[in-house]
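Let me begin by presenting the structure, written as structure tokens, before commenting on it.
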Amino acid sequence: MNQRHAEIGLLLAAAALPLVLQSFGEDYYIGFATRLLIFALAATGLNFIVGYGGMVAFGHAAFFGIGAYAVALLMAAGLFSAWLAWPLAVGAAALAALLIGAVSLRTRGVYFIMITLAFAQMIYYSVISLKFAGGDDGLPLARRSTLAPLDLANDATLYWVTLALLAACLFALQRLAASRYGSALAGLRQNETRMEAIGYPVRHIKLVCFVVGAAVAGLAGALLANQNGMASPSQLYWTQSGMLLVMVILGGVGRRYGGVLGAIALLGLEEVLGRVTEHSHFYVGLALLAVVLFAPHGLAGLWARQK
Amino acid sequence: MGTTEVTALLEIAGLKRHFGGLWATNGVDLTLEAGEIHALIGPNGAGKTTLIHLISGALLPDAGTLHFAGADITRCNMHERVARGITRSYQITQIFPQLSLLENVRLAVQARRRDWGSSLRFWRPASADVQMIAEAGDWLGRVGLAAAAGQLAGDVSHGERRALELAMALATRPRLLLLDEPLAGMGPEEAEHMTRLIAGLRKHAGPPQVFPGPQGGERRAATLSGGAFNGEQTVLLVEHDMDIVFRLADRISVLVAGRIIASGAPAAVRENQEVRRAYLGDEL
């Protein structure tokens, strides 16, 4: 019960954040906080694949980017409604994951890492060669999606919508992890041979996990396109996959809030260090090294040990 | 061959499988009758484990056919074969070390409910399924592990892990149970316990044998019905210890260099000159 109370308290504090920032006249940070939440969502999707499904995937940027491009392309075609465009973006990411996963899940370990990376890079190079997708310049959005009755043009509203979606996804994934399906995933992580021997369709179970994680990334991509005002090729690039993976490792692989903590820590660190030094990446690297060496279960693990 | 078509549960014909230049399985014909404990013996490298892999679906054959309960299963994959009723154990212990014994077995019970509504049930907590947990507890009681149900599988002794594996295999309610050296690495006491458990599976053992655990396993065992421990269990047993093989088996097949050179009742196999020459030699 204590944990539930803490969760609700944190959620309320996060919901109050825009009001606090506005009262201090720091409206810029509402956008920054929204960005944090969006990356937290994308990393949470990846954490489901890596931490719960036990599959180290190195192509998560593909699904993140597909979500963003889906929203931008639909808007270019005249579809502004978030009620339609966002589910379609999620569906597009899930469909891509279904196809990529069906092939990639025949491999494992290092080969799985390489093949997911290869697919993601193929999508990246395809998109930048498409003129109607904006090529290297990316595809701008005419304006933000419409989410009647809410007005997403208001930064605080976009923040609250993002927060609500993140909370909903975290809750749903937590239910999923505790369900029969989740217990089958836990078994797979520990002993795939045994799961096969007692009759589980191992590849199907993994494929479902892969698709669910990718769908969450697709939703995050749709939100990021709205926040940035464009779908950008950099969102599809392999460095983006790497960054999401770093977030998951930093926050805690397989921990409920691993993706969230990792995204906040990494982007927060970059923001703070970016003001002090030009070499922020160096110090971010040092911090990552420290976490891997001294907190092998990530920030979430550190937290759990304190208690 | 002394088998009757009526009771054949598994029929293997002309089965072949090679690894590079080596024919690990080189034309195996074998029939398992429903309800028998059939021992598969043979020297190291004879291809016993490969044959278990081929029957369980972990490997597919290069030639030959497998028929199970009349249906052709030659190209079926592993989980399809489990669904039809073939479950195996491994020479090397395969468990979920970070889960409790109860959860280990519960996963096996869950696997048996093959409707997609089982493992693809996404919303309801697994811990809410009281019936499934109770059944898992029953199976643990059957192998004498009721008292250890809450312990992590990684923390219990080797013998207990092997018993756990047997419980998991039985929880899938197989018609044919493939046991690959279930006594490997056990001390005499553990081996005796396991031997009695396997003997308890045999068809003509009379009333189901029960091994009371400290938490009243006998009472809980009575709530189980059907499948294993009910006189229907067919077992294919790979084992090195000849005393135990002759104690347990209704029939014995001898595998040498990928071929079955003899198959029949223990006494007949014991007297077979070819078997003596090829394998048993001075052990008998």
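Residue numbering restarts at 1 in every chain; chains get A, B, ... in the order shown in the structure tokens, and ligands count up from 1 in that same order.
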
### Task
Mind the document's chain letters and residue numbers, and return as JSON, numbers by chain the residues of segment 27-255 of chain B that DSSP labels helix (DSSP H, G or I).
{"B": [48, 49, 50, 51, 52, 53, 54, 55, 56, 78, 79, 80, 81, 82, 83, 84, 101, 102, 103, 104, 105, 106, 107, 108, 109, 110, 111, 112, 126, 127, 128, 130, 131, 132, 133, 134, 135, 136, 137, 138, 139, 140, 141, 142, 146, 147, 148, 153, 154, 155, 158, 159, 160, 161, 162, 163, 164, 165, 166, 167, 168, 169, 170, 171, 188, 189, 190, 191, 192, 193, 194, 195, 196, 197, 198, 199, 217, 218, 219, 220, 221, 242, 243, 244, 245, 246, 247, 248]}

Can you write just those residues out, C-alpha atoms, as a PDB file, in the first residue's frame?
```pdb
ATOM      1  CA  LYS B  48      20.359 -42.197 -26.783  1.00  0.00           C
ATOM      2  CA  THR B  49      20.006 -38.468 -26.122  1.00  0.00           C
ATOM      3  CA  THR B  50      19.761 -37.760 -29.854  1.00  0.00           C
ATOM      4  CA  LEU B  51      16.848 -40.191 -30.023  1.00  0.00           C
ATOM      5  CA  ILE B  52      15.174 -38.383 -27.106  1.00  0.00           C
ATOM      6  CA  HIS B  53      15.695 -35.083 -28.973  1.00  0.00           C
ATOM      7  CA  LEU B  54      14.088 -36.575 -32.073  1.00  0.00           C
ATOM      8  CA  ILE B  55      11.082 -37.922 -30.192  1.00  0.00           C
ATOM      9  CA  SER B  56      10.530 -34.690 -28.242  1.00  0.00           C
ATOM     10  CA  MET B  78       8.310 -29.209 -29.700  1.00  0.00           C
ATOM     11  CA  HIS B  79       5.332 -27.339 -28.280  1.00  0.00           C
ATOM     12  CA  GLU B  80       2.974 -29.103 -30.698  1.00  0.00           C
ATOM     13  CA  ARG B  81       4.287 -32.432 -29.415  1.00  0.00           C
ATOM     14  CA  VAL B  82       3.832 -31.360 -25.802  1.00  0.00           C
ATOM     15  CA  ALA B  83       0.273 -30.431 -26.710  1.00  0.00           C
ATOM     16  CA  ARG B  84      -0.224 -33.947 -28.087  1.00  0.00           C
ATOM     17  CA  LEU B 101       9.257 -24.409  -6.613  1.00  0.00           C
ATOM     18  CA  LEU B 102       5.538 -23.693  -6.633  1.00  0.00           C
ATOM     19  CA  GLU B 103       5.892 -21.107  -9.401  1.00  0.00           C
ATOM     20  CA  ASN B 104       8.078 -23.503 -11.401  1.00  0.00           C
ATOM     21  CA  VAL B 105       5.306 -26.081 -11.396  1.00  0.00           C
ATOM     22  CA  ARG B 106       2.557 -23.484 -11.837  1.00  0.00           C
ATOM     23  CA  LEU B 107       4.170 -22.458 -15.126  1.00  0.00           C
ATOM     24  CA  ALA B 108       3.972 -26.070 -16.261  1.00  0.00           C
ATOM     25  CA  VAL B 109       0.299 -26.274 -15.280  1.00  0.00           C
ATOM     26  CA  GLN B 110      -0.340 -23.001 -17.115  1.00  0.00           C
ATOM     27  CA  ALA B 111       1.373 -24.383 -20.223  1.00  0.00           C
ATOM     28  CA  ARG B 112      -1.075 -27.267 -20.295  1.00  0.00           C
ATOM     29  CA  ALA B 126      -1.458 -14.835 -12.441  1.00  0.00           C
ATOM     30  CA  SER B 127      -1.459 -14.955  -8.646  1.00  0.00           C
ATOM     31  CA  ALA B 128      -5.262 -14.696  -8.702  1.00  0.00           C
ATOM     32  CA  VAL B 130      -6.122 -20.147  -6.990  1.00  0.00           C
ATOM     33  CA  GLN B 131      -7.047 -23.354  -8.771  1.00  0.00           C
ATOM     34  CA  MET B 132      -3.860 -23.383 -10.817  1.00  0.00           C
ATOM     35  CA  ILE B 133      -1.723 -22.729  -7.750  1.00  0.00           C
ATOM     36  CA  ALA B 134      -3.489 -25.493  -5.827  1.00  0.00           C
ATOM     37  CA  GLU B 135      -2.841 -27.944  -8.628  1.00  0.00           C
ATOM     38  CA  ALA B 136       0.842 -26.970  -8.712  1.00  0.00           C
ATOM     39  CA  GLY B 137       0.948 -27.652  -4.955  1.00  0.00           C
ATOM     40  CA  ASP B 138      -0.577 -31.085  -5.531  1.00  0.00           C
ATOM     41  CA  TRP B 139       2.109 -32.033  -8.016  1.00  0.00           C
ATOM     42  CA  LEU B 140       4.816 -30.911  -5.614  1.00  0.00           C
ATOM     43  CA  GLY B 141       3.204 -33.074  -2.954  1.00  0.00           C
ATOM     44  CA  ARG B 142       3.317 -36.024  -5.345  1.00  0.00           C
ATOM     45  CA  ALA B 146       5.303 -29.960  -0.532  1.00  0.00           C
ATOM     46  CA  ALA B 147       7.330 -28.601   2.367  1.00  0.00           C
ATOM     47  CA  ALA B 148       9.762 -26.801   0.069  1.00  0.00           C
ATOM     48  CA  ALA B 153      14.470 -23.526  -7.132  1.00  0.00           C
ATOM     49  CA  GLY B 154      18.055 -22.291  -7.271  1.00  0.00           C
ATOM     50  CA  ASP B 155      18.443 -22.884  -3.528  1.00  0.00           C
ATOM     51  CA  HIS B 158      20.292 -31.438  -6.710  1.00  0.00           C
ATOM     52  CA  GLY B 159      17.995 -34.323  -5.858  1.00  0.00           C
ATOM     53  CA  GLU B 160      15.149 -31.953  -5.074  1.00  0.00           C
ATOM     54  CA  ARG B 161      15.661 -30.160  -8.373  1.00  0.00           C
ATOM     55  CA  ARG B 162      15.422 -33.445 -10.238  1.00  0.00           C
ATOM     56  CA  ALA B 163      12.218 -34.257  -8.375  1.00  0.00           C
ATOM     57  CA  LEU B 164      10.973 -30.759  -9.235  1.00  0.00           C
ATOM     58  CA  GLU B 165      11.668 -31.450 -12.902  1.00  0.00           C
ATOM     59  CA  LEU B 166       9.634 -34.620 -12.678  1.00  0.00           C
ATOM     60  CA  ALA B 167       6.769 -32.683 -11.100  1.00  0.00           C
ATOM     61  CA  MET B 168       6.931 -30.089 -13.894  1.00  0.00           C
ATOM     62  CA  ALA B 169       6.942 -32.770 -16.565  1.00  0.00           C
ATOM     63  CA  LEU B 170       4.000 -34.569 -14.937  1.00  0.00           C
ATOM     64  CA  ALA B 171       2.086 -31.300 -14.561  1.00  0.00           C
ATOM     65  CA  PRO B 188      22.127 -43.306  -3.248  1.00  0.00           C
ATOM     66  CA  GLU B 189      19.321 -41.963  -1.082  1.00  0.00           C
ATOM     67  CA  GLU B 190      18.105 -39.466  -3.681  1.00  0.00           C
ATOM     68  CA  ALA B 191      18.405 -42.101  -6.393  1.00  0.00           C
ATOM     69  CA  GLU B 192      16.262 -44.474  -4.371  1.00  0.00           C
ATOM     70  CA  HIS B 193      13.601 -41.788  -3.900  1.00  0.00           C
ATOM     71  CA  MET B 194      13.556 -41.036  -7.636  1.00  0.00           C
ATOM     72  CA  THR B 195      13.431 -44.731  -8.517  1.00  0.00           C
ATOM     73  CA  ARG B 196      10.387 -45.158  -6.324  1.00  0.00           C
ATOM     74  CA  LEU B 197       8.745 -42.125  -7.931  1.00  0.00           C
ATOM     75  CA  ILE B 198       9.292 -43.588 -11.402  1.00  0.00           C
ATOM     76  CA  ALA B 199       8.109 -47.007 -10.265  1.00  0.00           C
ATOM     77  CA  GLY B 217       0.953 -34.862   0.706  1.00  0.00           C
ATOM     78  CA  GLU B 218      -1.187 -37.980   0.861  1.00  0.00           C
ATOM     79  CA  ARG B 219      -4.388 -36.094   1.423  1.00  0.00           C
ATOM     80  CA  ARG B 220      -3.633 -33.569  -1.318  1.00  0.00           C
ATOM     81  CA  ALA B 221      -2.631 -36.249  -3.774  1.00  0.00           C
ATOM     82  CA  MET B 242      21.556 -51.576 -14.877  1.00  0.00           C
ATOM     83  CA  ASP B 243      20.152 -52.569 -11.487  1.00  0.00           C
ATOM     84  CA  ILE B 244      17.609 -49.793 -11.727  1.00  0.00           C
ATOM     85  CA  VAL B 245      16.851 -50.478 -15.383  1.00  0.00           C
ATOM     86  CA  PHE B 246      16.072 -54.114 -14.659  1.00  0.00           C
ATOM     87  CA  ARG B 247      14.050 -53.114 -11.618  1.00  0.00           C
ATOM     88  CA  LEU B 248      11.882 -50.578 -13.439  1.00  0.00           C
TER      89      LEU B 248
END
```

### DSSP-assigned strand (DSSP E or B) among segment 111-266 of chain A, expressed as a list in words
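Filtering segment 111-266 of chain A to strand (DSSP E or B) leaves Leu139, Pro140, Thr146, Leu147, Leu150, Ser179, Met230 and Ala231 of chain A.
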
### Task
Just the residues within 10 Å of Val28 of chain B, please, counting only C-alpha atoms, with nothing from its chain fewer than 6 positions along; format it as a ChimeraX atom specification.
/B:12-17,51,64-65,255,258-261

Residues just named, written with all heavy atoms as a compact mmCIF listing (two decimals), in the first residue's frame:
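Printed below is selection_31.txt as written:
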```txt
# COMPACT_ATOMS: atom_id res chain seq x y z
N ILE B 12 8.08 -45.64 -34.21
CA ILE B 12 9.18 -44.99 -34.91
C ILE B 12 9.64 -45.94 -36.01
O ILE B 12 9.85 -47.12 -35.75
CB ILE B 12 10.36 -44.72 -33.94
CG1 ILE B 12 9.87 -43.85 -32.78
CG2 ILE B 12 11.52 -44.07 -34.66
CD1 ILE B 12 10.92 -43.63 -31.72
N ALA B 13 9.79 -45.41 -37.22
CA ALA B 13 10.20 -46.27 -38.32
C ALA B 13 11.31 -45.61 -39.14
O ALA B 13 11.17 -44.47 -39.59
CB ALA B 13 9.01 -46.58 -39.23
N GLY B 14 12.41 -46.33 -39.28
CA GLY B 14 13.51 -45.90 -40.17
C GLY B 14 14.08 -44.54 -39.84
O GLY B 14 14.50 -43.80 -40.73
N LEU B 15 14.11 -44.17 -38.55
CA LEU B 15 14.51 -42.82 -38.16
C LEU B 15 16.02 -42.62 -38.31
O LEU B 15 16.82 -43.41 -37.83
CB LEU B 15 14.10 -42.58 -36.71
CG LEU B 15 13.87 -41.12 -36.32
CD1 LEU B 15 12.71 -40.54 -37.10
CD2 LEU B 15 13.60 -41.02 -34.83
N LYS B 16 16.39 -41.52 -38.99
CA LYS B 16 17.80 -41.21 -39.21
C LYS B 16 18.07 -39.74 -38.92
O LYS B 16 17.26 -38.89 -39.22
CB LYS B 16 18.19 -41.48 -40.67
CG LYS B 16 18.24 -42.94 -41.04
CD LYS B 16 18.87 -43.10 -42.40
CE LYS B 16 19.03 -44.58 -42.73
NZ LYS B 16 19.92 -44.78 -43.85
N ARG B 17 19.26 -39.50 -38.35
CA ARG B 17 19.69 -38.13 -38.16
C ARG B 17 21.21 -38.11 -38.12
O ARG B 17 21.83 -38.90 -37.40
CB ARG B 17 19.15 -37.59 -36.83
CG ARG B 17 19.74 -36.28 -36.37
CD ARG B 17 19.20 -35.09 -37.15
NE ARG B 17 20.08 -33.95 -36.99
CZ ARG B 17 19.68 -32.68 -37.10
NH1 ARG B 17 18.44 -32.39 -37.36
NH2 ARG B 17 20.55 -31.71 -36.95
N LEU B 51 18.16 -39.58 -29.79
CA LEU B 51 16.85 -40.19 -30.02
C LEU B 51 15.77 -39.48 -29.19
O LEU B 51 14.67 -39.24 -29.67
CB LEU B 51 16.91 -41.69 -29.71
CG LEU B 51 15.65 -42.50 -30.08
CD1 LEU B 51 15.30 -42.34 -31.54
CD2 LEU B 51 15.84 -43.98 -29.74
N GLY B 64 12.82 -41.00 -42.07
CA GLY B 64 12.05 -41.81 -41.15
C GLY B 64 10.79 -41.10 -40.68
O GLY B 64 10.59 -39.92 -40.97
N THR B 65 9.96 -41.83 -39.93
CA THR B 65 8.69 -41.25 -39.46
C THR B 65 8.45 -41.54 -37.99
O THR B 65 8.98 -42.51 -37.44
CB THR B 65 7.49 -41.84 -40.24
OG1 THR B 65 7.50 -43.25 -40.08
CG2 THR B 65 7.56 -41.49 -41.71
N LEU B 255 20.47 -49.68 -27.70
CA LEU B 255 20.89 -48.84 -28.81
C LEU B 255 22.42 -48.89 -28.89
O LEU B 255 23.11 -48.60 -27.92
CB LEU B 255 20.42 -47.41 -28.56
CG LEU B 255 20.54 -46.41 -29.72
CD1 LEU B 255 19.56 -46.75 -30.84
CD2 LEU B 255 20.26 -44.99 -29.22
N GLY B 258 23.72 -45.93 -32.98
CA GLY B 258 22.60 -45.36 -33.72
C GLY B 258 21.56 -46.37 -34.19
O GLY B 258 20.64 -46.02 -34.92
N ARG B 259 21.71 -47.64 -33.81
CA ARG B 259 20.73 -48.65 -34.21
C ARG B 259 20.25 -49.41 -32.98
O ARG B 259 21.01 -49.63 -32.05
CB ARG B 259 21.37 -49.71 -35.11
CG ARG B 259 21.64 -49.29 -36.50
CD ARG B 259 22.44 -50.42 -37.17
NE ARG B 259 22.97 -49.99 -38.44
CZ ARG B 259 22.28 -50.02 -39.56
NH1 ARG B 259 21.05 -50.47 -39.57
NH2 ARG B 259 22.83 -49.61 -40.68
N ILE B 260 18.99 -49.87 -33.03
CA ILE B 260 18.48 -50.74 -31.97
C ILE B 260 18.87 -52.17 -32.32
O ILE B 260 18.45 -52.69 -33.35
CB ILE B 260 16.95 -50.61 -31.87
CG1 ILE B 260 16.59 -49.15 -31.62
CG2 ILE B 260 16.40 -51.57 -30.83
CD1 ILE B 260 15.95 -48.80 -30.35
N ILE B 261 19.69 -52.79 -31.48
CA ILE B 261 20.13 -54.15 -31.82
C ILE B 261 19.28 -55.19 -31.11
O ILE B 261 19.32 -56.36 -31.48
CB ILE B 261 21.62 -54.37 -31.49
CG1 ILE B 261 21.89 -54.20 -29.99
CG2 ILE B 261 22.51 -53.43 -32.31
CD1 ILE B 261 23.24 -54.74 -29.57
```

### segment 86-101 of chain A surroundings by only C-alpha atoms, 9 Å radius, close-in-sequence under 3 positions cut, as a PyMOL selection string
chain A and resi 62-71+81-83+104-106+115-116+119+145+206-208+210-223

### Message
List the spatial neighbours of segment 25-32 of chain A as a PyMOL selection string - criterion: any atom at most 8 Å away, only C-alpha atoms, same-chain residues fewer than 5 positions off excluded.
### Response
chain A and resi 18+155-156+159+227
